[in-house]
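Shown next: upload-v5.txt, given as compact mmCIF, C-alpha atoms.
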```
# COMPACT_ATOMS: atom_id res chain seq x y z
CA MET A 1416 11.72 -3.57 14.11
CA ARG A 1417 15.14 -4.47 12.79
CA GLY A 1418 14.32 -8.15 12.95
CA HIS A 1419 11.40 -10.12 11.62
CA GLY A 1420 9.99 -10.75 15.10
CA PHE A 1421 7.28 -8.13 14.91
CA LEU A 1422 5.71 -9.92 11.94
CA LEU A 1423 4.96 -12.89 14.17
CA ALA A 1424 3.49 -10.84 16.99
CA ASN A 1425 -0.13 -11.78 16.34
CA TYR A 1426 0.13 -15.56 16.19
CA VAL A 1427 -0.59 -17.61 19.30
CA PRO A 1428 0.58 -21.22 18.96
CA GLY A 1429 -1.98 -23.81 19.89
CA THR A 1430 -3.90 -26.90 18.83
CA SER A 1431 -7.46 -25.80 19.64
CA LEU A 1432 -10.43 -26.39 17.39
CA VAL A 1433 -10.07 -22.83 16.07
CA HIS A 1434 -6.42 -23.48 15.18
CA ARG A 1435 -7.38 -26.58 13.25
CA THR A 1436 -10.17 -24.89 11.29
CA PRO A 1437 -9.07 -24.47 7.67
CA LEU A 1438 -7.93 -21.03 6.58
CA TRP A 1439 -10.70 -20.56 4.01
CA LEU A 1440 -13.38 -21.18 6.64
CA LYS A 1441 -11.89 -18.57 8.96
CA PHE A 1442 -11.64 -16.21 6.04
CA LEU A 1443 -15.33 -16.80 5.27
CA LEU A 1444 -16.15 -15.99 8.91
CA VAL A 1445 -14.36 -12.64 8.62
CA LEU A 1446 -16.12 -11.95 5.33
CA ALA A 1447 -19.50 -12.87 6.80
CA CYS A 1448 -18.94 -10.53 9.75
CA GLY A 1449 -18.05 -7.74 7.32
CA MET A 1450 -21.23 -8.31 5.33
CA GLY A 1451 -23.27 -8.75 8.49
CA SER A 1452 -22.16 -5.40 9.88
CA PHE A 1453 -24.05 -3.70 7.06
CA LEU A 1454 -27.20 -5.78 7.59
CA VAL A 1455 -27.54 -5.99 11.36
CA ALA A 1456 -29.84 -3.17 12.47
CA ASP A 1457 -30.30 -4.11 16.12
CA TRP A 1458 -27.66 -3.28 18.69
CA ALA A 1459 -28.58 -6.32 20.81
CA ALA A 1460 -27.89 -8.66 17.87
CA ALA A 1461 -24.53 -6.96 17.30
CA ALA A 1462 -23.71 -7.33 21.01
CA ALA A 1463 -24.63 -11.02 20.90
CA GLY A 1464 -22.43 -11.50 17.83
CA LEU A 1465 -19.56 -9.77 19.58
CA GLY A 1466 -20.06 -12.00 22.61
CA VAL A 1467 -19.97 -15.17 20.49
CA LEU A 1468 -16.83 -14.04 18.65
CA CYS A 1469 -15.07 -13.13 21.91
CA GLY A 1470 -15.99 -16.61 23.13
CA VAL A 1471 -14.44 -18.18 20.03
CA PHE A 1472 -11.32 -16.05 20.49
CA LEU A 1473 -10.95 -17.18 24.11
CA LEU A 1474 -11.66 -20.77 23.07
CA SER A 1475 -8.48 -20.68 20.99
CA GLY A 1476 -6.53 -20.14 24.21
CA ALA A 1477 -5.16 -16.76 23.17
CA GLY A 1478 -6.28 -15.12 26.38
CA VAL A 1479 -8.03 -11.93 27.43
CA ARG A 1480 -4.92 -9.76 27.14
CA ARG A 1481 -4.46 -10.74 23.50
CA LEU A 1482 -8.09 -9.94 22.85
CA PHE A 1483 -7.69 -6.52 24.40
CA ARG A 1484 -4.51 -5.91 22.44
CA ALA A 1485 -6.35 -6.70 19.19
CA VAL A 1486 -9.05 -4.09 19.77
CA ARG A 1487 -6.98 -1.47 21.61
CA PRO A 1488 -5.74 0.46 18.53
CA ILE A 1489 -9.27 1.20 17.40
CA LEU A 1490 -10.80 2.02 20.81
CA PRO A 1491 -10.02 5.78 20.95
CA VAL A 1492 -11.52 6.36 17.50
CA LEU A 1493 -14.56 4.27 18.37
CA ALA A 1494 -15.06 6.20 21.59
CA VAL A 1495 -15.10 9.49 19.68
CA ILE A 1496 -17.46 8.13 17.03
CA GLY A 1497 -19.73 6.52 19.61
CA LEU A 1498 -20.09 9.74 21.62
CA PHE A 1499 -20.57 11.81 18.48
CA GLN A 1500 -23.29 9.53 17.11
CA TRP A 1501 -24.96 9.29 20.49
CA TRP A 1502 -25.24 13.09 20.50
CA GLN A 1503 -26.22 13.25 16.80
CA LEU A 1504 -28.53 10.25 16.43
CA ASP A 1505 -29.45 8.02 19.33
CA GLY A 1506 -27.97 5.78 22.00
CA PRO A 1507 -28.92 2.39 20.46
CA VAL A 1508 -27.80 3.46 16.96
CA ALA A 1509 -24.43 4.62 18.29
CA ALA A 1510 -24.03 1.34 20.16
CA ARG A 1511 -24.88 -0.64 17.01
CA ILE A 1512 -22.29 1.23 14.93
CA VAL A 1513 -19.52 0.75 17.49
CA LEU A 1514 -20.40 -2.89 18.16
CA ASN A 1515 -20.50 -3.75 14.46
CA VAL A 1516 -16.99 -2.41 13.97
CA LEU A 1517 -15.80 -4.36 17.02
CA VAL A 1518 -17.37 -7.57 15.63
CA CYS A 1519 -15.32 -7.23 12.44
CA VAL A 1520 -12.12 -6.43 14.32
CA VAL A 1521 -12.47 -9.42 16.64
CA ALA A 1522 -13.32 -11.75 13.73
CA ALA A 1523 -10.16 -10.64 11.93
CA ALA A 1524 -8.18 -11.07 15.15
CA ILE A 1525 -9.39 -14.68 15.40
CA LEU A 1526 -8.02 -15.33 11.92
CA THR A 1527 -4.60 -13.83 12.59
CA ALA A 1528 -4.22 -15.18 16.11
CA THR A 1529 -4.81 -18.78 15.11
CA THR A 1530 -3.05 -18.97 11.73
CA GLN A 1531 0.69 -19.10 11.25
CA VAL A 1532 2.16 -16.22 9.26
CA GLN A 1533 3.58 -18.74 6.81
CA SER A 1534 0.20 -20.25 5.98
CA LEU A 1535 -1.35 -16.79 5.73
CA LEU A 1536 1.29 -15.82 3.19
CA ASP A 1537 0.83 -19.09 1.32
CA GLY A 1538 -2.87 -18.26 1.21
CA VAL A 1539 -2.11 -14.85 -0.26
CA ALA A 1540 0.30 -16.31 -2.83
CA SER A 1541 -2.28 -18.88 -3.89
CA LEU A 1542 -4.63 -15.99 -4.72
CA ALA A 1543 -2.60 -15.51 -7.90
CA ARG A 1544 -3.32 -19.04 -9.14
CA PRO A 1545 -6.77 -18.42 -10.67
CA PHE A 1546 -5.32 -15.48 -12.62
CA ARG A 1547 -2.65 -17.57 -14.29
CA ARG A 1548 -4.50 -17.61 -17.59
CA PHE A 1549 -4.40 -13.79 -17.62
CA GLY A 1550 -0.61 -13.79 -17.34
CA ALA A 1551 -0.23 -13.87 -13.54
CA ASP A 1552 2.74 -15.85 -12.30
CA PRO A 1553 2.26 -17.27 -8.77
CA GLU A 1554 5.97 -17.96 -8.38
CA ARG A 1555 7.02 -14.42 -9.18
CA PHE A 1556 4.23 -13.19 -6.92
CA ALA A 1557 5.51 -15.29 -4.02
CA LEU A 1558 9.06 -14.12 -4.73
CA THR A 1559 7.96 -10.47 -4.58
CA ILE A 1560 6.25 -11.10 -1.23
CA ALA A 1561 9.42 -12.69 0.10
CA ILE A 1562 11.55 -9.73 -1.02
CA MET A 1563 9.13 -7.32 0.59
CA LEU A 1564 9.21 -9.09 3.96
CA ARG A 1565 12.98 -9.26 3.82
CA SER A 1566 13.17 -5.53 3.03
CA ILE A 1567 11.10 -4.24 5.96
CA PRO A 1568 13.89 -4.70 8.54
CA PHE A 1569 16.39 -3.17 6.09
CA ILE A 1570 14.22 -0.09 5.62
CA ALA A 1571 13.53 0.27 9.33
CA GLY A 1572 17.29 0.15 9.85
CA ALA A 1573 17.84 2.74 7.11
CA TYR A 1574 15.32 5.08 8.76
CA ALA A 1575 17.09 4.72 12.11
CA ASP A 1576 20.56 5.25 10.59
CA VAL A 1577 19.47 8.32 8.63
CA ARG A 1578 17.76 9.78 11.68
CA ASP A 1579 20.94 9.30 13.69
CA SER A 1580 23.14 10.93 11.08
CA ALA A 1581 20.69 13.82 10.64
CA ARG A 1582 20.76 14.36 14.39
CA ALA A 1583 24.55 14.32 14.33
CA ARG A 1584 24.48 17.10 11.74
CA GLY A 1585 21.87 19.07 13.70
CA LEU A 1586 19.25 18.47 11.00
CA GLU A 1587 16.79 16.34 12.98
CA ARG A 1588 13.97 18.77 12.21
CA ASN A 1589 14.70 19.00 8.49
CA PRO A 1590 12.24 16.63 6.78
CA ARG A 1591 14.26 16.46 3.56
CA ALA A 1592 17.40 15.38 5.38
CA LEU A 1593 15.37 12.73 7.16
CA VAL A 1594 13.57 11.30 4.14
CA LEU A 1595 15.68 11.66 1.01
CA PRO A 1596 18.66 9.48 2.10
CA VAL A 1597 16.26 6.70 3.10
CA PHE A 1598 14.77 6.60 -0.38
CA ILE A 1599 18.14 6.83 -2.13
CA THR A 1600 19.41 3.92 -0.02
CA THR A 1601 16.34 1.79 -0.56
CA VAL A 1602 16.18 2.33 -4.33
CA ALA A 1603 19.84 1.37 -4.52
CA PHE A 1604 19.02 -1.67 -2.37
CA ALA A 1605 16.17 -2.61 -4.71
CA ARG A 1606 18.45 -2.44 -7.71
CA GLN A 1607 21.11 -4.56 -6.04
CA THR A 1608 18.42 -7.08 -5.17
CA GLY A 1609 17.16 -7.02 -8.75
CA ASP A 1610 20.67 -7.57 -10.10
CA ALA A 1611 21.25 -10.40 -7.66
CA LEU A 1612 18.00 -12.06 -8.72
CA ALA A 1613 18.76 -11.63 -12.41
CA ALA A 1614 22.23 -13.09 -11.92
CA ARG A 1615 20.60 -16.21 -10.49
CA GLY A 1616 17.94 -16.35 -13.17
CA LEU A 1617 15.18 -15.65 -10.63
CA GLY A 1618 12.21 -13.44 -11.19
CA GLU A 1619 12.37 -13.51 -14.96
CA ALA A 1620 9.13 -14.12 -16.81
CA ASP A 1621 9.37 -17.46 -18.56
CA ASP A 1622 6.10 -18.68 -19.96
CA GLY A 1623 5.22 -19.65 -23.51
CA ASP A 1624 4.25 -16.37 -25.12
CA ASP A 1625 7.20 -14.54 -23.61
CA HIS A 1626 9.64 -16.90 -25.31
CA GLU A 1627 8.17 -15.90 -28.62
CA ASP A 1628 8.88 -12.29 -27.80
CA ARG A 1629 12.49 -13.01 -26.84
CA GLU A 1630 13.21 -14.78 -30.07
CA GLY A 1631 11.69 -12.02 -32.18
CA MET B 886 15.92 -7.71 -20.53
CA SER B 887 14.98 -4.39 -22.04
CA ASN B 888 14.29 -5.70 -25.53
CA THR B 889 10.91 -7.02 -24.43
CA ASP B 890 9.64 -3.45 -24.65
CA ASN B 891 10.62 -3.24 -28.28
CA ALA B 892 9.45 -6.74 -28.97
CA VAL B 893 6.00 -6.06 -27.58
CA THR B 894 5.56 -2.74 -29.34
CA GLY B 895 7.06 -4.27 -32.46
CA THR B 896 4.41 -6.97 -32.68
CA THR B 897 1.67 -4.45 -33.36
CA PRO B 898 2.94 -2.30 -36.22
CA ALA B 899 -0.59 -2.20 -37.61
CA ALA B 900 -1.60 0.38 -34.98
CA SER B 901 -2.69 3.56 -36.69
CA PRO B 902 0.29 5.92 -36.94
CA GLY B 903 -1.59 8.99 -35.72
CA SER B 904 -2.39 7.55 -32.29
CA SER B 905 0.91 5.81 -31.65
CA ALA B 906 2.24 8.18 -28.97
CA PRO B 907 -0.73 7.97 -26.57
CA GLU B 908 -0.89 4.22 -27.07
CA ALA B 909 2.72 3.63 -26.12
CA PRO B 910 2.20 3.48 -22.32
CA ARG B 911 -0.63 0.99 -22.63
CA GLN B 912 1.59 -1.31 -24.64
CA SER B 913 4.51 -0.92 -22.26
CA ARG B 914 2.30 -2.14 -19.42
CA ARG B 915 1.80 -5.34 -21.38
CA SER B 916 5.54 -5.98 -21.30
CA ARG B 917 6.71 -8.20 -18.43
CA TRP B 918 8.41 -6.78 -15.39
CA ASP B 919 12.00 -7.93 -14.99
CA ALA B 920 13.73 -8.85 -11.74
CA THR B 921 14.64 -5.24 -10.93
CA ASP B 922 11.01 -4.20 -11.36
CA LEU B 923 9.91 -6.93 -8.98
CA ALA B 924 12.53 -5.81 -6.46
CA LEU B 925 11.41 -2.17 -6.78
CA ILE B 926 7.77 -3.15 -6.29
CA ALA B 927 8.65 -5.22 -3.23
CA VAL B 928 10.93 -2.59 -1.71
CA PHE B 929 8.45 0.25 -2.21
CA ALA B 930 5.72 -1.89 -0.66
CA ALA B 931 8.11 -2.37 2.26
CA ILE B 932 8.71 1.40 2.43
CA VAL B 933 4.97 2.02 2.69
CA ALA B 934 4.78 -0.65 5.40
CA GLY B 935 7.80 0.71 7.26
CA SER B 936 6.58 4.31 7.09
CA ALA B 937 3.34 3.28 8.79
CA LEU B 938 5.32 1.78 11.65
CA ILE B 939 8.01 4.33 12.46
CA ALA B 940 7.44 7.33 14.69
CA ALA B 941 6.27 10.59 13.20
CA ILE B 942 8.65 13.42 12.30
CA PRO B 943 8.25 16.68 14.22
CA VAL B 944 8.03 19.47 11.65
CA GLY B 945 9.92 22.60 12.62
CA GLY B 946 7.82 25.68 13.35
CA LEU B 947 4.42 24.08 13.04
CA GLY B 948 4.88 21.60 15.85
CA VAL B 949 2.63 19.15 14.06
CA PRO B 950 4.10 15.67 13.84
CA ILE B 951 3.59 14.12 10.43
CA THR B 952 3.43 10.41 9.80
CA LEU B 953 5.21 9.30 6.70
CA GLN B 954 2.60 6.93 5.31
CA THR B 955 0.91 9.19 2.74
CA LEU B 956 4.33 10.58 1.86
CA ALA B 957 5.55 7.08 1.03
CA VAL B 958 2.40 6.29 -0.94
CA MET B 959 2.63 9.42 -3.09
CA LEU B 960 6.36 8.91 -3.56
CA THR B 961 5.74 5.40 -4.80
CA GLY B 962 3.54 6.81 -7.56
CA LEU B 963 5.93 9.68 -8.34
CA ALA B 964 8.93 7.36 -8.46
CA LEU B 965 7.61 4.24 -10.19
CA GLY B 966 4.81 5.32 -12.51
CA PRO B 967 1.28 3.88 -12.52
CA GLY B 968 1.72 0.15 -13.12
CA ARG B 969 4.45 -0.61 -10.62
CA ALA B 970 3.01 1.84 -8.06
CA PHE B 971 -0.33 0.02 -8.23
CA ALA B 972 1.46 -3.28 -7.72
CA ALA B 973 3.53 -1.97 -4.81
CA VAL B 974 0.68 -0.37 -2.86
CA GLY B 975 -1.58 -3.31 -3.75
CA LEU B 976 0.98 -5.75 -2.36
CA TYR B 977 1.18 -3.71 0.85
CA LEU B 978 -2.61 -3.75 1.24
CA LEU B 979 -2.85 -7.47 0.49
CA LEU B 980 -0.27 -8.41 3.11
CA GLY B 981 -1.85 -6.03 5.60
CA PHE B 982 -5.25 -7.64 5.02
CA ALA B 983 -3.62 -11.05 5.35
CA GLY B 984 -2.73 -10.14 8.92
CA LEU B 985 0.77 -8.66 9.01
CA PRO B 986 0.78 -5.75 11.47
CA ILE B 987 1.79 -3.17 8.87
CA PHE B 988 -1.11 -0.71 8.90
CA SER B 989 -0.60 2.54 10.81
CA GLY B 990 -0.39 2.04 14.54
CA GLY B 991 0.51 -1.62 14.10
CA ARG B 992 -3.04 -2.57 13.12
CA SER B 993 -3.52 -5.52 10.83
CA GLY B 994 -5.95 -7.82 9.15
CA LEU B 995 -9.34 -7.49 7.55
CA GLY B 996 -10.65 -5.78 10.69
CA VAL B 997 -9.18 -2.56 9.30
CA LEU B 998 -11.83 -2.66 6.58
CA ALA B 999 -14.51 -2.22 9.23
CA GLY B 1000 -12.82 0.79 10.82
CA PRO B 1001 -13.42 4.41 9.88
CA SER B 1002 -10.07 4.69 8.10
CA ALA B 1003 -10.87 1.97 5.55
CA GLY B 1004 -11.57 4.52 2.84
CA TYR B 1005 -8.13 6.09 3.21
CA ILE B 1006 -6.48 2.70 2.82
CA PHE B 1007 -8.16 2.09 -0.54
CA GLY B 1008 -7.58 5.72 -1.45
CA PHE B 1009 -3.82 5.09 -1.16
CA LEU B 1010 -3.97 2.48 -3.91
CA LEU B 1011 -5.86 4.68 -6.36
CA ALA B 1012 -3.95 7.85 -5.47
CA ALA B 1013 -0.55 6.19 -6.03
CA THR B 1014 -1.74 4.89 -9.41
CA ALA B 1015 -3.23 8.24 -10.42
CA VAL B 1016 -0.19 10.29 -9.44
CA GLY B 1017 1.98 7.73 -11.26
CA ALA B 1018 -0.01 8.16 -14.45
CA LEU B 1019 0.11 11.95 -14.15
CA THR B 1020 3.87 11.79 -13.46
CA VAL B 1021 4.45 9.95 -16.73
CA VAL B 1022 2.46 12.60 -18.59
CA VAL B 1023 4.29 15.48 -16.86
CA MET B 1024 7.72 13.95 -17.39
CA ARG B 1025 7.04 13.36 -21.06
CA ARG B 1026 5.52 16.77 -21.80
CA THR B 1027 7.99 18.90 -19.83
CA ALA B 1028 11.27 17.41 -21.03
CA GLU B 1029 12.48 20.80 -22.26
CA HIS B 1030 10.99 22.96 -19.47
CA SER B 1031 12.75 24.11 -16.30
CA ALA B 1032 12.99 21.85 -13.29
CA LYS B 1033 10.96 24.32 -11.23
CA PHE B 1034 8.03 24.18 -13.66
CA ARG B 1035 8.16 20.42 -13.57
CA ALA B 1036 8.17 20.39 -9.77
CA VAL B 1037 5.11 22.65 -9.63
CA LEU B 1038 3.23 20.44 -12.09
CA LEU B 1039 4.16 17.30 -10.16
CA PHE B 1040 3.00 18.94 -6.94
CA CYS B 1041 -0.34 19.77 -8.58
CA ALA B 1042 -0.61 16.18 -9.81
CA ALA B 1043 0.04 14.87 -6.29
CA MET B 1044 -2.46 17.27 -4.71
CA VAL B 1045 -5.20 16.43 -7.23
CA SER B 1046 -4.65 12.70 -6.76
CA SER B 1047 -4.69 12.88 -2.99
CA ILE B 1048 -7.73 15.18 -2.84
CA VAL B 1049 -9.78 13.10 -5.28
CA PHE B 1050 -8.80 9.63 -4.08
CA VAL B 1051 -7.35 9.75 -0.54
CA HIS B 1052 -9.70 12.41 0.80
CA GLY B 1053 -12.63 11.43 -1.42
CA LEU B 1054 -12.57 7.78 -0.47
CA GLY B 1055 -11.58 8.67 3.10
CA ILE B 1056 -14.77 10.70 3.52
CA LEU B 1057 -16.78 7.91 1.88
CA GLY B 1058 -15.25 5.35 4.27
CA MET B 1059 -16.15 7.42 7.34
CA MET B 1060 -19.70 7.80 6.04
CA LEU B 1061 -20.06 4.06 5.44
CA ASN B 1062 -18.30 2.63 8.49
CA ALA B 1063 -18.85 5.28 11.15
CA LYS B 1064 -22.20 6.37 9.64
CA LEU B 1065 -21.13 10.01 9.78
CA SER B 1066 -23.04 12.54 7.71
CA LEU B 1067 -21.28 14.04 4.70
CA SER B 1068 -20.63 17.35 6.41
CA ALA B 1069 -19.29 15.73 9.60
CA ALA B 1070 -17.02 13.41 7.61
CA PHE B 1071 -15.83 16.36 5.53
CA LEU B 1072 -14.94 18.33 8.66
CA ALA B 1073 -13.14 15.36 10.20
CA ASP B 1074 -11.15 14.94 6.99
CA LEU B 1075 -10.12 18.62 6.86
CA ALA B 1076 -7.60 18.02 9.65
CA PHE B 1077 -5.38 16.08 7.24
CA TYR B 1078 -5.03 18.83 4.62
CA PRO B 1079 -2.14 20.89 6.10
CA GLY B 1080 -0.02 17.79 6.59
CA ASP B 1081 -0.85 16.63 3.08
CA VAL B 1082 0.39 19.85 1.50
CA ILE B 1083 3.70 19.56 3.37
CA LYS B 1084 4.04 15.87 2.55
CA ASN B 1085 3.32 16.40 -1.13
CA ILE B 1086 5.91 19.18 -1.38
CA LEU B 1087 8.41 16.87 0.32
CA ALA B 1088 7.41 13.93 -1.89
CA VAL B 1089 7.98 15.94 -5.08
CA THR B 1090 11.42 17.19 -4.01
CA VAL B 1091 12.45 13.67 -3.02
CA ALA B 1092 11.03 12.19 -6.24
CA LEU B 1093 12.92 14.69 -8.42
CA ALA B 1094 16.13 13.92 -6.55
CA LEU B 1095 15.49 10.20 -7.02
CA HIS B 1096 14.94 10.61 -10.77
CA LYS B 1097 18.17 12.61 -10.96
CA ALA B 1098 20.08 9.94 -9.04
CA PHE B 1099 18.49 6.99 -10.87
CA PRO B 1100 17.49 8.05 -14.39
CA ASP B 1101 16.57 4.47 -15.28
CA LEU B 1102 13.99 4.36 -12.48
CA LEU B 1103 11.33 5.98 -14.66
CA VAL B 1104 12.68 8.80 -16.84
CA ARG B 1105 14.66 6.69 -19.30
CA ARG B 1106 11.90 4.13 -19.33
CA ILE B 1107 9.39 6.74 -20.46
CA ARG B 1108 11.78 7.98 -23.12
CA ARG B 1109 12.45 4.44 -24.33
CA VAL B 1110 8.76 3.60 -24.61
CA HIS B 1111 8.17 6.96 -26.25
CA LEU B 1112 10.86 6.29 -28.86
CA ALA B 1113 9.65 2.73 -29.37
CA GLY B 1114 6.13 4.07 -29.88
CA GLU B 1115 7.38 6.54 -32.46
CA ALA B 1116 9.36 3.82 -34.23
CA ALA B 1117 6.29 1.61 -34.29
CA GLY B 1118 4.30 4.53 -35.67
CA ARG B 1119 6.80 5.11 -38.45
CA ALA B 1120 7.01 1.46 -39.45
```
Produce structure tokens that represent the structure in this file.
Amino acid sequence: MRGHGFLLANYVPGTSLVHRTPLWLKFLLVLACGMGSFLVADWAAAAAGLGVLCGVFLLSGAGVRRLFRAVRPILPVLAVIGLFQWWQLDGPVAARIVLNVLVCVVAAAILTATTQVQSLLDGVASLARPFRRFGADPERFALTIAIMLRSIPFIAGAYADVRDSARARGLERNPRALVLPVFITTVAFARQTGDALAARGLGEADDGDDHEDREG
Amino acid sequence: MSNTDNAVTGTTPAASPGSSAPEAPRQSRRSRWDATDLALIAVFAAIVAGSALIAAIPVGGLGVPITLQTLAVMLTGLALGPGRAFAAVGLYLLLGFAGLPIFSGGRSGLGVLAGPSAGYIFGFLLAATAVGALTVVVMRRTAEHSAKFRAVLLFCAAMVSSIVFVHGLGILGMMLNAKLSLSAAFLADLAFYPGDVIKNILAVTVALALHKAFPDLLVRRIRRVHLAGEAAGRA
């Protein structure tokens, strides 16, 4: 957590056909699965879809263990929902609901397992480009993303430090002693970062209409 | 840096004088965020991400472990006000959807949208914005009241925002994705209420301490915009 390693945990390097598929196509696949999960009414169709997607996932060479790791967090909740709906509605309906959710999760896992974090983030940053005419600034957007990623290890470290010092004072069950110092530290950190950016002339808005404002 | 506020409000002196005070916040949102604002947005987005990842805190007496995610979301609104809180939580969601494992339990990607907790995730965005907007109103109206009164009002603002948006959209998400009936979804959602009350109390105490430690985080900003709005009204 104190490093950036956990951010890379999902990517599996490779040169398979799935890896070489462009990002927008994979994104469309995820979107289509999301839409499809509201339309598919037959549990067999959902099961077939899940089978195909699992096949694509394995085709990328990510392996069965990765596939299981992608769906594991949602399995307990799905088990509860599946049993509940089985009891409330019907076996096939419960199966359809659970399978549709799994289809979407596996589709999203294909996207993240076969795309480098860097190109994912570039994709996100490029989302700001169409909004440029409304005042969006892709560069400042990308800068903010970079600061956020750089801050996560700092904040995780701050949590750990504060928890240690609270334990040393015998306050490990006092929520205020555990939370407040973290926020004080991180706000101070944000302001230092802001000052450092301003000192380097980064992050300032500098397009045409803003110059008019400055001169006024 | 700060003169952009005045510059932006100054360009529209034709606004009718009677409605200048309520219009001030809308104009301030038009002003550009400076580098410190960007850093605050980024760092609060990172706090929301980090709070989803760290282990829960055992609360004394109750024995119920609370995760810090909703606490961080509400605190973002209470600390930054509506515009920057929306940006911070929105940035967190966007990067989570893009595939970084920063949703609770290390989940990631668009697959979360298919899960039963999808409604809560969107609820975070709206709740942080709503509580931010209410915080600005409370801070402006209660400048001469006691700190205790202000804390109670902020707590009410946080509770209303989380009930309407987090719980409202959370129930809607369970109905859509898990096809639960309204009553079943409502019952499933009830389990989160006790923790929410505790977290909102904690969020308000931390937010008030933050505003005391960093008056330029939000309090002075509100006052500045307020004064600028009055000046524009007088002109």
List as a VMD selection string the residues having at least one atom at most 9 Å from position (5.7, 0.8, 8.6) as given in the file, counting only C-alpha atoms. (chain A and resid 1567 1571) or (chain B and resid 931 to 939 953 to 954 986 to 991)
With distances taken over all atoms listed in the file, which of A:Ser1580, A:Ser1534, A:Thr1527, A:Gln1503 is nearest to chain B?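 Using all atoms listed in the file, chain B sits closest to A:Thr1527.
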Need the axis-aligned box for range 1013-1020 of chain B with 3 Å each side, so what are the centre and edges in Å to one decimal, as AutoDock Vina command-line options?
```
--center_x 0.3 --center_y 8.4 --center_z -10.2 --size_x 13.1 --size_y 13.1 --size_z 14.4
```
Show me, as CSV, the residues of range 1509-1610 of chain A having an atom within 7 Å of range 1086-1095 of chain B, each with the closest atom pair and its distance in Å, using all atoms listed in the file.
```
residue,atom,partner,partner_atom,distance
A:Arg1591,CA,B:Leu1087,CA,6.7
A:Leu1595,CA,B:Val1091,CA,5.5
A:Ile1599,CA,B:Leu1095,CA,6.5
```
Name all residues at most 7 Å from Tyr1426 in chain A (count all atoms listed in the file; drop same-chain ones fewer than 3 positions away) and give them as a list in words.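 With the cut-off at 7 Å, the set is Leu1423, Thr1527, Ala1528, Thr1529, Thr1530 and Gln1531 of chain A.
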Near Thr961 in chain B, counting all atoms listed in the file, which residues have an atom at most 7 Å away, once you skip same-chain residues fewer than 4 positions from it, shown as a PyMOL selection string? chain B and resi 929+957+965+970+1013
Once you have the residues from the selection above, write them out as a JSON list (two decimals), keeping the file's coordinate frame, restricted to C-alpha atoms.
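To be explicit, this is the file written out as result_18.json:
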```json
[["chain", "number", "residue", "atom", "x", "y", "z"],
["B", 929, "PHE", "CA", 8.45, 0.25, -2.21],
["B", 957, "ALA", "CA", 5.55, 7.08, 1.03],
["B", 965, "LEU", "CA", 7.61, 4.24, -10.19],
["B", 970, "ALA", "CA", 3.01, 1.84, -8.06],
["B", 1013, "ALA", "CA", -0.55, 6.19, -6.03]]
```
Test item: chain B residues at most 8 Å from chain A, counting only C-alpha atoms, as a VMD selection string: chain B and resid 888 to 889 892 to 893 917 to 928 930 to 932 934 to 935 939 942 to 945 976 979 to 980 983 to 986 990 to 992 994 to 997 999 to 1000 1062 to 1065 1087 1091 1094 to 1095 1098
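With all atoms listed in the file as the atoms that count, the residue of B:Leu1011, B:Leu960, B:Ala1003, B:Met1024 with the shortest distance to Arg1105 in chain B is B:Met1024.
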Spatial neighbours of Thr1020 in chain B, max dist 8 Å, all atoms listed in the file, sep filter under 2 positions, as a list in words: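 Contacts, in chain order: Gly962, Leu963, Gly966, Val1016, Gly1017, Ala1018, Val1022, Val1023, Met1024, Leu1039 and Ala1042 of chain B.
Our summary of the geometry notes that CA of Thr955 in chain B is positioned 11.1 Å from CA of Val974 in chain B.
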Separation of CA of Ala1069 in chain B from CA of Gly1008 in chain B in Å: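 CA of Gly1008 in chain B sits 19.0 Å away from CA of Ala1069 in chain B.
Distance check against Ala972 in chain B using all atoms listed in the file: of B:Ser1002, B:Asp1074, B:Asp1101, B:Thr1014, the minimum falls on B:Thr1014.
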For a test of reading the model, state the distance in Å between CA of Gly1464 in chain A and CA of Gly1429 in chain A, rounded to one decimal.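 A separation of 24.0 Å between them.
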Near Leu1057 in chain B, counting only C-alpha atoms, which residues have an atom at most 9 Å away, once you skip same-chain residues fewer than 5 positions from it, shown as a ChimeraX atom specification? /B:1004-1005,1052,1062,1067,1070
